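Worksheet: the structure to be examined is printed underneath.
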Number of protein chains: 2
Amino acid sequence: MLDAHRLALLAEVAHAGSIAGAAQRLAFTPSAVSQQLAKLERDVGAPLLHRNPRGVTLTPVGEALLSHAETIVGELRTAERTVRALLDEEPAQLTVGTFASAGMTLVPAALAGFRRDHPAVALRLLDLEPPDGYGLVTSRDLDLLITHRYPGAPLPDPRGLTRSLLRSERFRLILPEGHPKARARRLTLGALAGEDWISGSPGVPNRVCLDELADAAGVTLTVAYETRDYQVILALVEAGLGIAFVPESVLARVGPARIEVRDAADARPARDVFLVHHRRPGKLVTEMIERLSR
Amino acid sequence: MLDAHRLALLAEVAHAGSIAGAAQRLAFTPSAVSQQLAKLERDVGAPLLHRNPRGVTLTPVGEALLSHAETIVGELRTAERTVRALLDEEPAQLTVGTFASAGMTLVPAALAGFRRDHPAVALRLLDLEPPDGYGLVTSRDLDLLITHRYPGAPLPDPRGLTRSLLRSERFRLILPEGHPKARARRLTLGALAGEDWISGSPGVPNRVCLDELADAAGVTLTVAYETRDYQVILALVEAGLGIAFVPESVLARVGPARIEVRDAADARPARDVFLVHHRRPGKLVTEMIERLSR
DNA sequence: CGCTGACCTTAGCAACGCTTACGGCTGGAG
DNA sequence: CTCCAGCCGTAAGCGTTGCTAAGGTCAGCG
């Protein structure tokens, strides 16, 4: 039978992306981790990871084993939790994973309220950009994952987890204050094709979405500035450097910025925000979901 | 995190019913097993088993943990199997669990045919009386379980396993050769109330079924001889000591015994024979099911 | 061309886990 | 009643496992 500790180690290494990184998280020396992985590979009878100069990547066999490792680690933690519940011991920790823009807007209020009502529960927050994070829920490193899907992006297989739509959040078009196009009664992508756009780098969901919108409208947009950070985008637009789509929640948080907020008549993108958690969420998770839903 | 090896040990002990028994199966000394269990209990923070003079029984916490232990062990074995499949290594073993009377009748032919076509696969057979055995399928100690339900007996929760009805097998009434009642054109339980019956001890599914039939017919039957072994029952009836219900398959196997085979007009019991296996059975399991279904 | 960061190896030591040996307990046989 | 046969637990000893620490290799970068 395979060793569960070594499988847990594999999962940790896969998430960290390197042996040294995993070792640091686990308070071991890299040597120890390396040796255990070598033994796991010997047990399995096949190499599990490619040793690159800048970390490691999983082989196909490693990928397959990782998915099992996550469910096994999760199952072990579930067992522990079941026993704790039987012994009337309250769970003392709640870990939430979230993508950056949610972490700035909808999460803080929920977290603050939760903390007020449960001062004894240690709250932890992790930053995770989609489509990452599902595995961490499976392995119970995460109690609750807040993730999203941009239009056109695929939705990962929930692999036995529960996923529910928290809200659908539309994007708005923002332009520098006093931008000439902002006066038009009706804005279209075609009319904005000549502008400098700001979006993520190619491949980032953000950017994929924008590209697909442009395709659908039959125009080509030039992305002059590439950043995935919406605060940076706001600042750039404010400085008059370009225009962009940003989620509505990002706008709700900023003060009266010197920007124009509009909508494109032929492109009204929206991203879906999802919650992901285990089949039977505990009381704390349920309450956190309740708070987030308000 | 709990130690998976110790959980596997717990499952083994629960199955064996004693520490010494589990130790023997695992080729350890009882002391080693005892120490590991003690450490598991320390990890969990609660006693997991009652130490009786004649073995051990699980505490409620132990029961809860056992069910998780079985799924974890099963998950570990599944992971191993997945990797083996990726490496194109054929599974070399198939373990079938069955109840005694199936083991004598429908299983041998299927096993023999299977062995002929797959001489490289090591076949193992385990005797298990219902409702036991589900946990062993979960933990992948068993690839396939053949189990049954007598009328009136509850069907265990399959807990994520796949269960399918193999066949429904009727019971026949057997009497000694030349028994006066055997000549009656129509036999009823009422007419047979005065006879000496042969059945299992109170509580055995066999007996529960008979008692319920008697209740339904509004009569009381006297069970003069108690045995759960159908071969013994046959021998007793043959010797003229009493009458009994036996599954049809048991009769198919005996030669021209000196018995009369009849049916009671007001009591035609049947037992359902089920197959239990993991969600996605392997090729070998599928083939074995195919053979059993013929 | 040396520096950094990542990985691996080797040597050594602490801790874990097994075995052997022994004692306490219960229930059945003589 | 006494003895014996199982069962479980504890204590001591020892081999193995698995960790740390230190040294070595390779690729990318200033």
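Residues are referred to by chain and number: the chain letter is A, B, ... according to the order shown in the structure tokens, the number counts from 1 in that chain, and ligands are numbered separately from 1 in the order shown.
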Return as an MDAnalysis selection string the full set of residues in segment 53-237 of chain A whose backbone-based DSSP assignment is alpha helix (DSSP H).
chainID A and resid 60:86 100:104 106:117 134:138 205:217 230:237
Using only C-alpha atoms (C1' of nucleotides), which protein or nucleic acid residues come within 12 Å of DT25 of chain D? Drop anything in the same chain fewer than 2 positions from it, and give the result as a ChimeraX atom specification.
/A:53 /C:6-9 /D:23,27
Pull N, CA and C atoms (P, O5', C5', C4', C3', O3' and C1' of nucleotides) from the residues just selected and write them as a tab-separated table (two decimals), in the first residue's frame.
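Final file, part.tsv:
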```tsv
chain	number	residue	atom	x	y	z
A	53	PRO	N	15.37	23.13	-13.66
A	53	PRO	CA	16.28	24.00	-12.90
A	53	PRO	C	15.50	24.95	-11.98
C	6	DA	P	14.77	29.15	-5.26
C	6	DA	O5'	14.87	27.63	-5.69
C	6	DA	C5'	14.50	27.25	-7.00
C	6	DA	C4'	15.28	26.03	-7.40
C	6	DA	C3'	15.12	24.84	-6.46
C	6	DA	O3'	14.04	24.01	-6.86
C	6	DA	C1'	17.35	25.09	-7.31
C	7	DC	P	13.66	22.78	-5.93
C	7	DC	O5'	14.76	21.68	-6.26
C	7	DC	C5'	14.86	21.10	-7.56
C	7	DC	C4'	16.14	20.28	-7.65
C	7	DC	C3'	16.20	19.10	-6.70
C	7	DC	O3'	15.81	17.91	-7.37
C	7	DC	C1'	18.30	20.27	-6.82
C	8	DC	P	15.72	16.56	-6.53
C	8	DC	O5'	17.24	16.10	-6.34
C	8	DC	C5'	17.99	15.63	-7.46
C	8	DC	C4'	19.41	15.31	-6.99
C	8	DC	C3'	19.49	14.15	-6.00
C	8	DC	O3'	20.13	13.03	-6.61
C	8	DC	C1'	20.80	16.03	-5.29
C	9	DT	P	20.28	11.66	-5.83
C	9	DT	O5'	21.60	11.82	-4.94
C	9	DT	C5'	22.88	11.91	-5.55
C	9	DT	C4'	23.94	12.17	-4.48
C	9	DT	C3'	24.08	11.05	-3.45
C	9	DT	O3'	25.34	10.41	-3.64
C	9	DT	C1'	24.07	13.22	-2.43
D	23	DG	P	31.02	21.50	4.66
D	23	DG	O5'	30.97	20.77	3.24
D	23	DG	C5'	31.25	19.37	3.15
D	23	DG	C4'	30.93	18.87	1.76
D	23	DG	C3'	31.48	19.76	0.64
D	23	DG	O3'	32.00	18.93	-0.40
D	23	DG	C1'	29.17	19.49	0.36
D	27	DA	P	23.24	22.15	-17.27
D	27	DA	O5'	22.34	23.45	-17.04
D	27	DA	C5'	20.95	23.27	-16.77
D	27	DA	C4'	20.34	24.60	-16.34
D	27	DA	C3'	20.52	25.73	-17.35
D	27	DA	O3'	19.30	26.42	-17.51
D	27	DA	C1'	21.35	26.40	-15.23
```
Please report, as a Markdown table, each residue of chain D lying at most 12 Å from chain B, together with the nearest pair of atoms and the separation in Å rounded to one decimal; use only C-alpha atoms (C1' of nucleotides), and order rows by chain and ascending residue number.
```
| residue | atom | partner | partner_atom | distance |
| --- | --- | --- | --- | --- |
| D:DA5 | C1' | B:Arg54 | CA | 11.4 |
| D:DG6 | C1' | B:Arg54 | CA | 7.4 |
| D:DC7 | C1' | B:Pro53 | CA | 5.7 |
| D:DC8 | C1' | B:Arg51 | CA | 7.1 |
| D:DG9 | C1' | B:Ser34 | CA | 7.9 |
| D:DT10 | C1' | B:Ser31 | CA | 9.5 |
| D:DA11 | C1' | B:Ser31 | CA | 11.6 |
```
Could you write out the selected residues, including N, CA and C atoms (P, O5', C5', C4', C3', O3' and C1' of nucleotides), as a CSV table (one decimal), in the first residue's frame?
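Just written: part32.csv:
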```csv
chain,number,residue,atom,x,y,z
D,5,DA,P,-2.5,-25.3,28.1
D,5,DA,O5',-3.5,-24.3,27.3
D,5,DA,C5',-4.9,-24.7,27.2
D,5,DA,C4',-5.7,-23.5,26.6
D,5,DA,C3',-4.9,-22.7,25.6
D,5,DA,O3',-5.7,-22.3,24.5
D,5,DA,C1',-5.6,-21.3,27.3
D,6,DG,P,-5.2,-22.2,23.0
D,6,DG,O5',-5.6,-20.8,22.6
D,6,DG,C5',-5.3,-19.7,23.4
D,6,DG,C4',-6.5,-18.7,23.5
D,6,DG,C3',-6.1,-17.4,22.8
D,6,DG,O3',-7.0,-16.9,22.0
D,6,DG,C1',-6.5,-17.2,25.2
D,7,DC,P,-6.6,-15.7,21.0
D,7,DC,O5',-6.7,-14.4,21.9
D,7,DC,C5',-7.9,-14.0,22.3
D,7,DC,C4',-7.8,-12.9,23.4
D,7,DC,C3',-6.8,-11.8,23.0
D,7,DC,O3',-7.6,-10.7,22.4
D,7,DC,C1',-6.5,-12.4,25.2
D,8,DC,P,-6.8,-9.5,21.7
D,8,DC,O5',-6.3,-8.6,23.0
D,8,DC,C5',-7.2,-7.9,23.8
D,8,DC,C4',-6.4,-7.3,24.9
D,8,DC,C3',-5.4,-6.3,24.5
D,8,DC,O3',-5.8,-5.0,24.9
D,8,DC,C1',-4.5,-7.8,26.1
D,9,DG,P,-4.8,-3.7,24.6
D,9,DG,O5',-3.7,-3.7,25.8
D,9,DG,C5',-4.2,-3.3,27.1
D,9,DG,C4',-3.0,-3.3,28.1
D,9,DG,C3',-1.8,-2.4,27.7
D,9,DG,O3',-1.6,-1.4,28.7
D,9,DG,C1',-1.0,-4.6,28.1
D,10,DT,P,-0.6,-0.2,28.5
D,10,DT,O5',0.8,-0.8,29.1
D,10,DT,C5',0.9,-1.2,30.5
D,10,DT,C4',2.2,-1.7,30.8
D,10,DT,C3',3.4,-0.8,30.5
D,10,DT,O3',4.2,-0.6,31.6
D,10,DT,C1',3.8,-2.9,29.6
D,11,DA,P,5.4,0.4,31.6
D,11,DA,O5',6.7,-0.5,31.3
D,11,DA,C5',7.0,-1.6,32.2
D,11,DA,C4',8.3,-2.2,31.8
D,11,DA,C3',9.4,-1.3,31.3
D,11,DA,O3',10.6,-1.7,31.9
D,11,DA,C1',9.0,-2.8,29.6
```
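Our summary of the geometry notes that atom CA of Ala64 of chain B is positioned 17.8 Å from atom CA of Leu161 of chain B.
We find atom CA of Thr95 of chain A and atom CA of Asp141 of chain A to be spaced 7.4 Å apart.
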